[in-house]
$ cat start.tsv   # TSV, C-alpha atoms and all ligand atoms
chain	number	residue	atom	x	y	z
A	1198	MET	CA	50.21	-58.47	-87.24
A	1199	ARG	CA	52.68	-59.42	-84.54
A	1200	VAL	CA	53.61	-57.30	-81.54
A	1201	LEU	CA	56.32	-58.02	-78.99
A	1202	VAL	CA	56.16	-56.58	-75.48
A	1203	THR	CA	59.71	-57.18	-74.26
A	1204	GLU	CA	58.71	-57.92	-70.67
A	1205	PRO	CA	55.50	-58.08	-68.61
A	1206	ILE	CA	53.78	-54.71	-68.09
A	1207	VAL	CA	50.32	-53.65	-66.86
A	1208	ASP	CA	47.49	-55.99	-67.94
A	1209	SER	CA	45.38	-53.14	-69.31
A	1210	ALA	CA	47.95	-52.45	-72.07
A	1211	ILE	CA	48.44	-56.12	-72.92
A	1212	LYS	CA	44.66	-56.64	-73.23
A	1213	LYS	CA	44.35	-53.58	-75.44
A	1214	LEU	CA	47.07	-54.87	-77.76
A	1215	GLU	CA	45.65	-58.41	-77.74
A	1216	SER	CA	42.32	-57.12	-78.99
A	1217	HIS	CA	44.07	-56.02	-82.20
A	1218	PHE	CA	47.16	-58.17	-82.74
A	1219	GLU	CA	48.99	-61.39	-81.96
A	1220	VAL	CA	51.03	-60.45	-78.88
A	1221	SER	CA	54.16	-62.12	-77.47
A	1222	ILE	CA	55.55	-61.16	-74.08
A	1223	GLY	CA	59.22	-61.58	-73.29
A	1224	LYS	CA	60.82	-62.49	-70.00
A	1225	ARG	CA	62.39	-59.86	-67.79
A	1226	GLY	CA	65.88	-59.12	-69.12
A	1227	GLU	CA	65.45	-61.31	-72.23
A	1228	PHE	CA	65.74	-58.36	-74.61
A	1229	ASP	CA	68.43	-56.41	-72.77
A	1230	GLN	CA	70.98	-57.49	-75.41
A	1231	GLU	CA	71.35	-56.30	-78.98
A	1232	GLN	CA	71.37	-59.87	-80.28
A	1233	THR	CA	67.98	-61.00	-78.99
A	1234	LEU	CA	66.44	-57.65	-79.80
A	1235	SER	CA	67.78	-57.73	-83.39
A	1236	LYS	CA	66.18	-61.13	-83.94
A	1237	ALA	CA	62.87	-59.80	-82.63
A	1238	ALA	CA	63.16	-56.73	-84.87
A	1239	GLU	CA	63.26	-59.05	-87.90
A	1240	GLU	CA	60.10	-60.88	-86.82
A	1241	PHE	CA	57.71	-58.34	-85.30
A	1242	ASP	CA	55.71	-55.43	-86.75
A	1243	ALA	CA	55.93	-53.50	-83.48
A	1244	ILE	CA	57.98	-53.77	-80.31
A	1245	LEU	CA	57.00	-52.24	-76.98
A	1246	THR	CA	60.41	-51.68	-75.36
A	1247	MET	CA	61.76	-50.96	-71.88
A	1248	LEU	CA	64.47	-48.40	-71.18
A	1249	SER	CA	66.86	-51.30	-70.54
A	1250	ASN	CA	66.47	-52.55	-74.14
A	1251	PRO	CA	69.30	-51.27	-76.37
A	1252	VAL	CA	67.52	-50.29	-79.59
A	1253	THR	CA	70.73	-49.61	-81.49
A	1254	GLY	CA	71.35	-48.91	-85.17
A	1255	ASN	CA	72.07	-52.64	-85.65
A	1256	VAL	CA	68.73	-53.61	-84.10
A	1257	LEU	CA	66.85	-51.14	-86.27
A	1258	GLU	CA	68.78	-52.23	-89.36
A	1259	ALA	CA	67.66	-55.81	-88.63
A	1260	GLY	CA	64.07	-54.57	-88.47
A	1261	LYS	CA	64.09	-52.44	-91.60
A	1262	ASN	CA	61.89	-54.78	-93.66
A	1263	LYS	CA	59.28	-55.57	-91.00
A	1264	LEU	CA	59.37	-53.31	-87.95
A	1265	LYS	CA	57.11	-50.24	-88.11
A	1266	ILE	CA	57.32	-48.86	-84.58
A	1267	VAL	CA	59.29	-49.06	-81.37
A	1268	ALA	CA	57.04	-47.84	-78.54
A	1269	ASN	CA	59.23	-47.10	-75.53
A	1270	TYR	CA	57.62	-47.66	-72.13
A	1271	ALA	CA	59.23	-44.49	-70.74
A	1272	VAL	CA	59.35	-40.78	-71.36
A	1273	GLY	CA	63.13	-40.94	-71.89
A	1274	TYR	CA	64.32	-42.64	-75.05
A	1275	ASN	CA	68.11	-42.46	-74.79
A	1276	ASN	CA	68.15	-46.26	-75.25
A	1277	ILE	CA	67.01	-45.80	-78.86
A	1278	ASP	CA	69.12	-44.66	-81.81
A	1279	THR	CA	66.53	-42.19	-83.08
A	1280	ALA	CA	68.76	-41.03	-85.95
A	1281	ALA	CA	68.90	-44.59	-87.29
A	1282	ALA	CA	65.14	-45.02	-86.78
A	1283	SER	CA	64.45	-41.86	-88.71
A	1284	ARG	CA	66.81	-42.89	-91.53
A	1285	LEU	CA	65.15	-46.33	-91.77
A	1286	GLY	CA	61.58	-45.00	-91.53
A	1287	ILE	CA	60.82	-46.80	-88.25
A	1288	HIS	CA	58.66	-44.80	-85.85
A	1289	VAL	CA	59.53	-44.29	-82.20
A	1290	SER	CA	57.09	-43.22	-79.48
A	1291	ASN	CA	57.49	-42.42	-75.79
A	1292	THR	CA	55.13	-41.80	-72.83
A	1293	PRO	CA	55.19	-38.07	-72.03
A	1294	ASP	CA	53.08	-36.26	-69.39
A	1295	VAL	CA	51.70	-39.31	-67.60
A	1296	LEU	CA	54.63	-39.80	-65.23
A	1297	THR	CA	55.38	-36.15	-64.55
A	1298	GLU	CA	53.72	-35.98	-61.14
A	1299	SER	CA	54.82	-39.42	-59.94
A	1300	THR	CA	58.47	-38.70	-60.79
A	1301	ALA	CA	58.32	-35.25	-59.19
A	1302	GLU	CA	57.00	-36.92	-56.02
A	1303	ILE	CA	60.00	-39.27	-55.87
A	1304	ALA	CA	62.37	-36.33	-56.41
A	1305	LEU	CA	60.69	-34.48	-53.53
A	1306	SER	CA	60.89	-37.57	-51.36
A	1307	LEU	CA	64.65	-37.91	-52.08
A	1308	LEU	CA	65.16	-34.22	-51.40
A	1309	LEU	CA	63.37	-34.41	-48.06
A	1310	SER	CA	65.12	-37.57	-46.93
A	1311	THR	CA	68.62	-36.30	-47.79
A	1312	ALA	CA	68.15	-32.70	-46.65
A	1313	ARG	CA	66.75	-33.82	-43.28
A	1314	LYS	CA	68.92	-36.98	-43.01
A	1315	THR	CA	65.89	-39.15	-42.25
A	1316	ARG	CA	67.48	-42.35	-43.55
A	1317	GLU	CA	70.60	-41.93	-41.40
A	1318	ALA	CA	68.46	-41.03	-38.39
A	1319	GLU	CA	66.20	-44.05	-38.86
A	1320	ILE	CA	69.12	-46.44	-39.28
A	1321	SER	CA	70.67	-45.12	-36.09
A	1322	LEU	CA	67.38	-45.57	-34.21
A	1323	ARG	CA	66.98	-49.15	-35.46
A	1324	ASP	CA	70.57	-49.75	-34.39
A	1325	GLY	CA	69.50	-48.99	-30.85
A	1326	GLN	CA	71.35	-45.66	-30.75
A	1327	PHE	CA	68.38	-43.47	-29.80
A	1328	ASN	CA	68.86	-42.40	-26.22
A	1329	GLY	CA	66.59	-39.40	-26.14
A	1330	TRP	CA	66.31	-36.04	-27.88
A	1331	GLU	CA	69.72	-34.84	-28.91
A	1332	PRO	CA	70.67	-31.20	-29.40
A	1333	ASN	CA	73.34	-31.91	-32.01
A	1334	GLY	CA	72.09	-35.02	-33.79
A	1335	PHE	CA	71.18	-35.21	-37.48
A	1336	ILE	CA	71.25	-31.51	-38.19
A	1337	GLY	CA	70.03	-31.04	-41.74
A	1338	ILE	CA	69.03	-28.35	-44.21
A	1339	GLU	CA	65.72	-26.59	-43.57
A	1340	LEU	CA	63.99	-26.44	-46.95
A	1341	HIS	CA	62.08	-23.29	-46.05
A	1342	GLY	CA	64.19	-20.40	-47.31
A	1343	ALA	CA	66.84	-22.68	-48.88
A	1344	ALA	CA	67.88	-22.50	-52.54
A	1345	VAL	CA	67.24	-25.35	-54.92
A	1346	GLY	CA	68.90	-25.56	-58.33
A	1347	ILE	CA	66.98	-27.42	-61.01
A	1348	ILE	CA	68.73	-28.66	-64.12
A	1349	GLY	CA	66.07	-28.84	-66.84
A	1350	LEU	CA	62.88	-26.98	-66.02
A	1351	GLY	CA	60.72	-29.00	-68.40
A	1352	ARG	CA	57.56	-30.92	-67.47
A	1353	ILE	CA	59.00	-32.92	-64.56
A	1354	GLY	CA	61.31	-30.09	-63.48
A	1355	GLN	CA	58.34	-27.73	-63.24
A	1356	ALA	CA	56.20	-30.24	-61.33
A	1357	PHE	CA	59.09	-30.62	-58.87
A	1358	ALA	CA	59.52	-26.82	-58.70
A	1359	LYS	CA	55.84	-26.34	-57.81
A	1360	ARG	CA	56.22	-28.80	-54.95
A	1361	VAL	CA	59.38	-27.25	-53.52
A	1362	LYS	CA	57.92	-23.77	-53.87
A	1363	THR	CA	55.17	-24.77	-51.47
A	1364	CYS	CA	57.95	-25.85	-49.07
A	1365	GLY	CA	59.23	-22.25	-49.20
A	1366	MET	CA	62.32	-22.93	-51.30
A	1367	ASN	CA	63.86	-20.37	-53.66
A	1368	ILE	CA	64.07	-21.77	-57.16
A	1369	HIS	CA	67.06	-21.44	-59.48
A	1370	TYR	CA	67.30	-23.21	-62.80
A	1371	TYR	CA	69.71	-23.98	-65.58
A	1372	GLY	CA	68.81	-25.34	-68.99
A	1373	ARG	CA	69.30	-24.91	-72.70
A	1374	ASN	CA	66.37	-22.52	-72.93
A	1375	ARG	CA	64.73	-20.03	-70.66
A	1376	ILE	CA	61.12	-20.95	-69.87
A	1377	GLU	CA	58.12	-18.72	-70.65
A	1378	PRO	CA	58.15	-15.52	-68.54
A	1379	GLU	CA	54.71	-16.30	-66.99
A	1380	ILE	CA	55.93	-19.67	-65.64
A	1381	GLU	CA	59.20	-18.14	-64.46
A	1382	LYS	CA	57.18	-15.48	-62.64
A	1383	GLU	CA	54.74	-17.98	-61.16
A	1384	LEU	CA	57.62	-20.06	-59.80
A	1385	ASN	CA	59.65	-17.00	-58.90
A	1386	ALA	CA	62.51	-18.85	-60.59
A	1387	THR	CA	65.95	-17.40	-61.33
A	1388	PHE	CA	67.53	-18.48	-64.63
A	1389	HIS	CA	71.26	-19.18	-64.83
A	1390	SER	CA	72.83	-19.42	-68.26
A	1391	VAL	CA	76.06	-20.73	-66.70
A	1392	LEU	CA	75.73	-23.92	-64.67
A	1393	ASP	CA	78.69	-23.16	-62.37
A	1394	ASP	CA	77.10	-19.87	-61.33
A	1395	MET	CA	73.99	-21.72	-60.14
A	1396	LEU	CA	75.97	-24.46	-58.39
A	1397	GLN	CA	77.65	-21.92	-56.11
A	1398	VAL	CA	74.38	-20.74	-54.61
A	1399	VAL	CA	72.37	-23.94	-54.11
A	1400	ASP	CA	71.58	-25.90	-50.97
A	1401	ALA	CA	70.11	-28.68	-53.12
A	1402	LEU	CA	70.41	-29.65	-56.77
A	1403	SER	CA	67.82	-31.71	-58.63
A	1404	ILE	CA	68.36	-33.11	-62.12
A	1405	HIS	CA	65.46	-33.26	-64.59
A	1406	CYS	CA	67.05	-33.02	-68.05
A	1407	PRO	CA	67.21	-35.79	-70.67
A	1408	LEU	CA	70.40	-37.79	-71.20
A	1409	THR	CA	72.10	-36.63	-74.40
A	1410	ASP	CA	75.70	-36.29	-75.58
A	1411	GLU	CA	75.73	-32.81	-74.04
A	1412	THR	CA	74.33	-33.83	-70.64
A	1413	HIS	CA	76.49	-36.97	-70.20
A	1414	HIS	CA	78.57	-36.34	-67.03
A	1415	LEU	CA	77.21	-32.80	-66.83
A	1416	ILE	CA	77.82	-33.12	-63.09
A	1417	GLY	CA	81.36	-34.30	-62.44
A	1418	LYS	CA	84.27	-33.62	-60.10
A	1419	ASN	CA	84.53	-29.93	-61.01
A	1420	GLU	CA	80.78	-29.24	-60.62
A	1421	LEU	CA	80.58	-31.12	-57.31
A	1422	SER	CA	83.52	-29.12	-55.99
A	1423	ILE	CA	81.68	-25.87	-56.76
A	1424	MET	CA	78.57	-26.86	-54.77
A	1425	PRO	CA	78.55	-25.83	-51.09
A	1426	SER	CA	79.73	-28.70	-48.88
A	1427	HIS	CA	76.34	-28.99	-47.13
A	1428	ALA	CA	74.36	-29.20	-50.42
A	1429	VAL	CA	72.55	-32.38	-51.47
A	1430	LEU	CA	72.11	-33.77	-54.98
A	1431	VAL	CA	68.97	-35.49	-56.27
A	1432	ASN	CA	68.83	-37.39	-59.55
A	1433	THR	CA	65.60	-38.90	-60.90
A	1434	ALA	CA	66.47	-38.35	-64.58
A	1435	ARG	CA	69.22	-40.60	-65.93
A	1436	GLY	CA	72.28	-41.96	-64.12
A	1437	PRO	CA	74.99	-41.07	-66.67
A	1438	ILE	CA	74.23	-37.33	-66.29
A	1439	VAL	CA	76.28	-37.62	-63.09
A	1440	ASP	CA	79.82	-38.99	-62.97
A	1441	GLU	CA	79.12	-41.62	-60.33
A	1442	SER	CA	82.74	-42.15	-59.26
A	1443	ALA	CA	83.17	-38.42	-58.72
A	1444	LEU	CA	79.91	-38.32	-56.77
A	1445	ALA	CA	80.90	-41.25	-54.54
A	1446	GLU	CA	84.21	-39.55	-53.84
A	1447	ALA	CA	82.56	-36.21	-53.04
A	1448	LEU	CA	80.17	-37.93	-50.61
A	1449	HIS	CA	82.96	-39.82	-48.84
A	1450	ASP	CA	85.12	-36.67	-48.66
A	1451	ALA	CA	82.12	-34.71	-47.31
A	1452	SER	CA	82.62	-32.17	-50.07
A	1453	ILE	CA	78.85	-32.45	-50.62
A	1454	GLY	CA	76.23	-33.15	-47.97
A	1455	GLY	CA	74.26	-36.05	-49.43
A	1456	ALA	CA	72.66	-37.63	-52.47
A	1457	GLY	CA	69.26	-39.06	-53.33
A	1458	LEU	CA	69.42	-41.22	-56.43
A	1459	ASP	CA	66.68	-43.07	-58.29
A	1460	VAL	CA	68.88	-43.68	-61.36
A	1461	PHE	CA	72.40	-45.00	-61.87
A	1462	GLU	CA	75.14	-44.84	-64.42
A	1463	ASN	CA	75.21	-48.57	-65.25
A	1464	GLU	CA	71.82	-49.88	-64.13
A	1465	PRO	CA	71.25	-52.28	-62.53
A	1466	GLU	CA	74.80	-52.03	-61.16
A	1467	ILE	CA	75.33	-49.63	-58.29
A	1468	HIS	CA	78.75	-48.09	-57.78
A	1469	PRO	CA	80.09	-49.90	-54.68
A	1470	ARG	CA	81.26	-46.66	-53.05
A	1471	LEU	CA	77.72	-45.26	-53.23
A	1472	LEU	CA	76.42	-48.14	-51.16
A	1473	ASP	CA	78.36	-47.08	-48.08
A	1474	ALA	CA	78.43	-43.33	-48.73
A	1475	PRO	CA	77.11	-41.09	-45.95
A	1476	ASN	CA	73.63	-39.55	-46.17
A	1477	THR	CA	72.86	-41.30	-49.43
A	1478	VAL	CA	69.42	-42.61	-50.35
A	1479	LEU	CA	69.33	-45.09	-53.22
A	1480	LEU	CA	66.11	-46.19	-54.93
A	1481	PRO	CA	65.69	-48.80	-57.69
A	1482	HIS	CA	64.45	-46.45	-60.47
A	1483	ILE	CA	60.88	-46.12	-59.17
A	1484	GLY	CA	60.04	-42.57	-60.31
A	1485	SER	CA	57.04	-43.64	-62.40
A	1486	ALA	CA	56.06	-46.59	-60.19
A	1487	THR	CA	52.44	-45.73	-59.39
A	1488	GLU	CA	49.42	-47.57	-60.66
A	1489	LYS	CA	48.13	-44.41	-62.30
A	1490	SER	CA	51.35	-43.64	-64.17
A	1491	ARG	CA	52.07	-47.20	-65.24
A	1492	ASN	CA	48.51	-47.75	-66.57
A	1493	ALA	CA	48.69	-44.49	-68.47
A	1494	MET	CA	52.15	-45.34	-69.83
A	1495	GLY	CA	50.82	-48.70	-71.04
A	1496	SER	CA	47.85	-47.06	-72.65
A	1497	LEU	CA	49.98	-44.48	-74.49
A	1498	ALA	CA	52.43	-47.12	-75.75
A	1499	ALA	CA	49.66	-49.49	-76.86
A	1500	ASP	CA	47.73	-46.70	-78.58
A	1501	ALA	CA	50.84	-45.61	-80.47
A	1502	ILE	CA	51.31	-49.14	-81.79
A	1503	ILE	CA	47.63	-49.46	-82.72
A	1504	SER	CA	47.71	-46.14	-84.57
A	1505	ILE	CA	50.88	-46.84	-86.54
A	1506	LEU	CA	49.86	-50.38	-87.51
A	1507	ASN	CA	46.48	-49.00	-88.64
A	1508	GLY	CA	48.13	-46.27	-90.68
A	1509	THR	CA	47.43	-43.23	-88.48
A	1510	ARG	CA	49.79	-40.94	-86.56
A	1511	PRO	CA	49.70	-40.94	-82.75
A	1512	PRO	CA	50.50	-37.69	-80.90
A	1513	ASN	CA	53.43	-39.14	-78.92
A	1514	LEU	CA	55.84	-39.90	-81.75
A	1515	VAL	CA	59.42	-38.77	-81.32
A	1516	VAL	CA	60.35	-40.12	-84.77
Y	1601	LIG	C1	61.13	-42.75	-67.89
Y	1601	LIG	O1	59.94	-42.80	-68.21
Y	1601	LIG	O2	61.99	-42.27	-68.64
Y	1601	LIG	C2	61.48	-43.26	-66.52
Y	1601	LIG	O3	62.82	-43.27	-66.29
Y	1601	LIG	C3	60.87	-44.62	-66.25
Y	1601	LIG	O4	59.52	-44.46	-66.14

$ encode --input "start.tsv" --output "structure tokens"
Amino acid sequence: MRVLVTEPIVDSAIKKLESHFEVSIGKRGEFDQEQTLSKAAEEFDAILTMLSNPVTGNVLEAGKNKLKIVANYAVGYNNIDTAAASRLGIHVSNTPDVLTESTAEIALSLLLSTARKTREAEISLRDGQFNGWEPNGFIGIELHGAAVGIIGLGRIGQAFAKRVKTCGMNIHYYGRNRIEPEIEKELNATFHSVLDDMLQVVDALSIHCPLTDETHHLIGKNELSIMPSHAVLVNTARGPIVDESALAEALHDASIGGAGLDVFENEPEIHPRLLDAPNTVLLPHIGSATEKSRNAMGSLAADAIISILNGTRPPNLVV
């Protein structure tokens, strides 16, 4: 059987797949269009996809006679039309759990750098502007005792919450569902059923929910205007959850205090007004970029393909 890995990933996963199947590896970006992906869907029994690959209804339709599984190399699978996959009997898998800690680390790093303005301070120092300790320079938010609002207290949201709790932050959260009382108690977390109510009280906001029709532009002009003007926003989930133009405007108007972004609305494009926005840290979608996470992601994706092509059901199927 034939498996396509749409672009190079960790060797361990490729070797695992090669010990079972004939494996082709695409070039970076080669399968970021519907057309090339549709052709591949006609020819391969399984495709290991990246989050940049648009696995649309048309792609899945093209694969209906051959393709058995799309194994997404990510925990998020908003790039896949899961309704079409389900209708056509094509399985979809993702990579849950194995990038929880690595992504929470990047969220913490973005929170720290924006709250304490370390990027701005470092740039100024490299610019030769450091002329000794300054009483009024780079005054930021002290995390200890500050309030953080978390949108989506799922796996990654909770891992982030545990980290910020040890920094002494007070945790607030908003989501579709309230979490189990024991976890809420352990985190000393306050649930808000109305997002705007939470936004009024936060010094920092961190986004950890999936991108769906309901969460698209969940944070826009109105929401940003409700946040206190010193508050910072962190997004390590998916770019389109935030209206990027509204965010850029809020940063330039100083109606919010900063932003730490690992994801963008139209990756790999970056909104030009974010590039020169004050106190803004921009990372190239590196949440899961650790050796441990990437090897585990490869292993989960490869195992899902091996299981489906051998007629068994892997645990990480979303369809
Ligand atoms: C994911 O897994 O969804 C991340 O965005 C990339 O690792």

$ residues_around --input "start.tsv" --residues "A:Thr1300" --least-positions-apart "4" --cutoff "6 Å" --atoms "only C-alpha atoms" --output "list in words"
Leu1296, Gly1484 and Ser1485 of chain A

$ write_last_selection --input "start.tsv" --atoms "C-alpha atoms" --output "CSV table (one decimal), keeping the file's coordinate frame"
chain,number,residue,atom,x,y,z
A,1296,LEU,CA,54.6,-39.8,-65.2
A,1484,GLY,CA,60.0,-42.6,-60.3
A,1485,SER,CA,57.0,-43.6,-62.4

$ residues_near_ligand --input "start.tsv" --ligand "ligand LIG 1601 (chain Y)" --cutoff "7 Å" --atoms "all atoms listed in the file" --output "list in words"
Tyr1270, Ala1271, Val1272, Gly1273, Tyr1274, Thr1292, Leu1296, Ala1434, Arg1435, His1482, Gly1484 and Ser1485 of chain A

$ closest_atom_pairs --input "start.tsv" --of "stretch 1257-1346 of chain A" --to "stretch 1213-1237 of chain A" --cutoff "9 Å" --atoms "all atoms listed in the file" --output "tab-separated table"
residue	atom	partner	partner_atom	distance
A:Leu1257	CA	A:Ser1235	CA	7.3
A:Glu1258	CA	A:Ser1235	CA	8.2
A:Ala1259	CA	A:Ser1235	CA	5.6
A:Gly1260	CA	A:Ser1235	CA	7.0

$ atom_distance --input "start.tsv" --atom1 "atom CA of A:Ala1386" --atom2 "atom CA of A:Tyr1370"
6.8 Å

$ residues_around --input "start.tsv" --residues "A:Ser1496" --least-positions-apart "5" --cutoff "12 Å" --atoms "only C-alpha atoms" --output "PyMOL selection string"
chain A and resi 1206-1214+1245+1268-1271+1291-1293+1295+1489-1491+1501-1504+1511+1513

$ closest_residue --input "start.tsv" --among "A:Ala1243, A:Leu1497, A:Ile1348, A:Met1395" --to "A:Ile1438" --atoms "all atoms listed in the file"
A:Ile1348

$ axis_aligned_box --input "start.tsv" --around "stretch 1337-1351 of chain A" --padding-each-side "8 Å" --output "AutoDock Vina command-line options"
--center_x 65.4 --center_y -25.7 --center_z -55.1 --size_x 25.3 --size_y 26.6 --size_z 42.7

$ closest_residue --input "start.tsv" --among "A:Leu1402, A:Ile1303, A:Ile1266, A:Ile1380" --to "A:Pro1481" --atoms "all atoms listed in the file"
A:Ile1303

$ atom_distance --input "start.tsv" --atom1 "atom CA of A:Arg1360" --atom2 "atom CA of A:Leu1308"
11.0 Å

$ closest_residue --input "start.tsv" --among "A:Ala1312, A:Ile1338, A:Val1399, A:Ile1368" --to "A:Ala1456" --atoms "all atoms listed in the file"
A:Ala1312

$ closest_residue --input "start.tsv" --among "A:Glu1441, A:Glu1302, A:Asp1394, A:Glu1339" --to "A:Ile1416" --atoms "all atoms listed in the file"
A:Glu1441

$ atom_distance --input "start.tsv" --atom1 "atom CA of A:Ile1336" --atom2 "atom CA of A:Val1439"
26.1 Å

$ closest_residue --input "start.tsv" --among "A:Asp1410, A:Asp1294, A:Glu1319, A:Asp1400" --to "A:Asn1275" --atoms "only C-alpha atoms"
A:Asp1410

$ residues_around --input "start.tsv" --residues "A:Gly1372" --least-positions-apart "3" --cutoff "7 Å" --atoms "all atoms listed in the file" --output "ChimeraX atom specification"
/A:1348-1350,1375

$ residues_near_point --input "start.tsv" --point "(79.0, -20.4, -60.7)" --cutoff "12 Å" --atoms "only C-alpha atoms" --output "number ranges by chain"
A: 1346, 1371, 1389-1399, 1419-1425
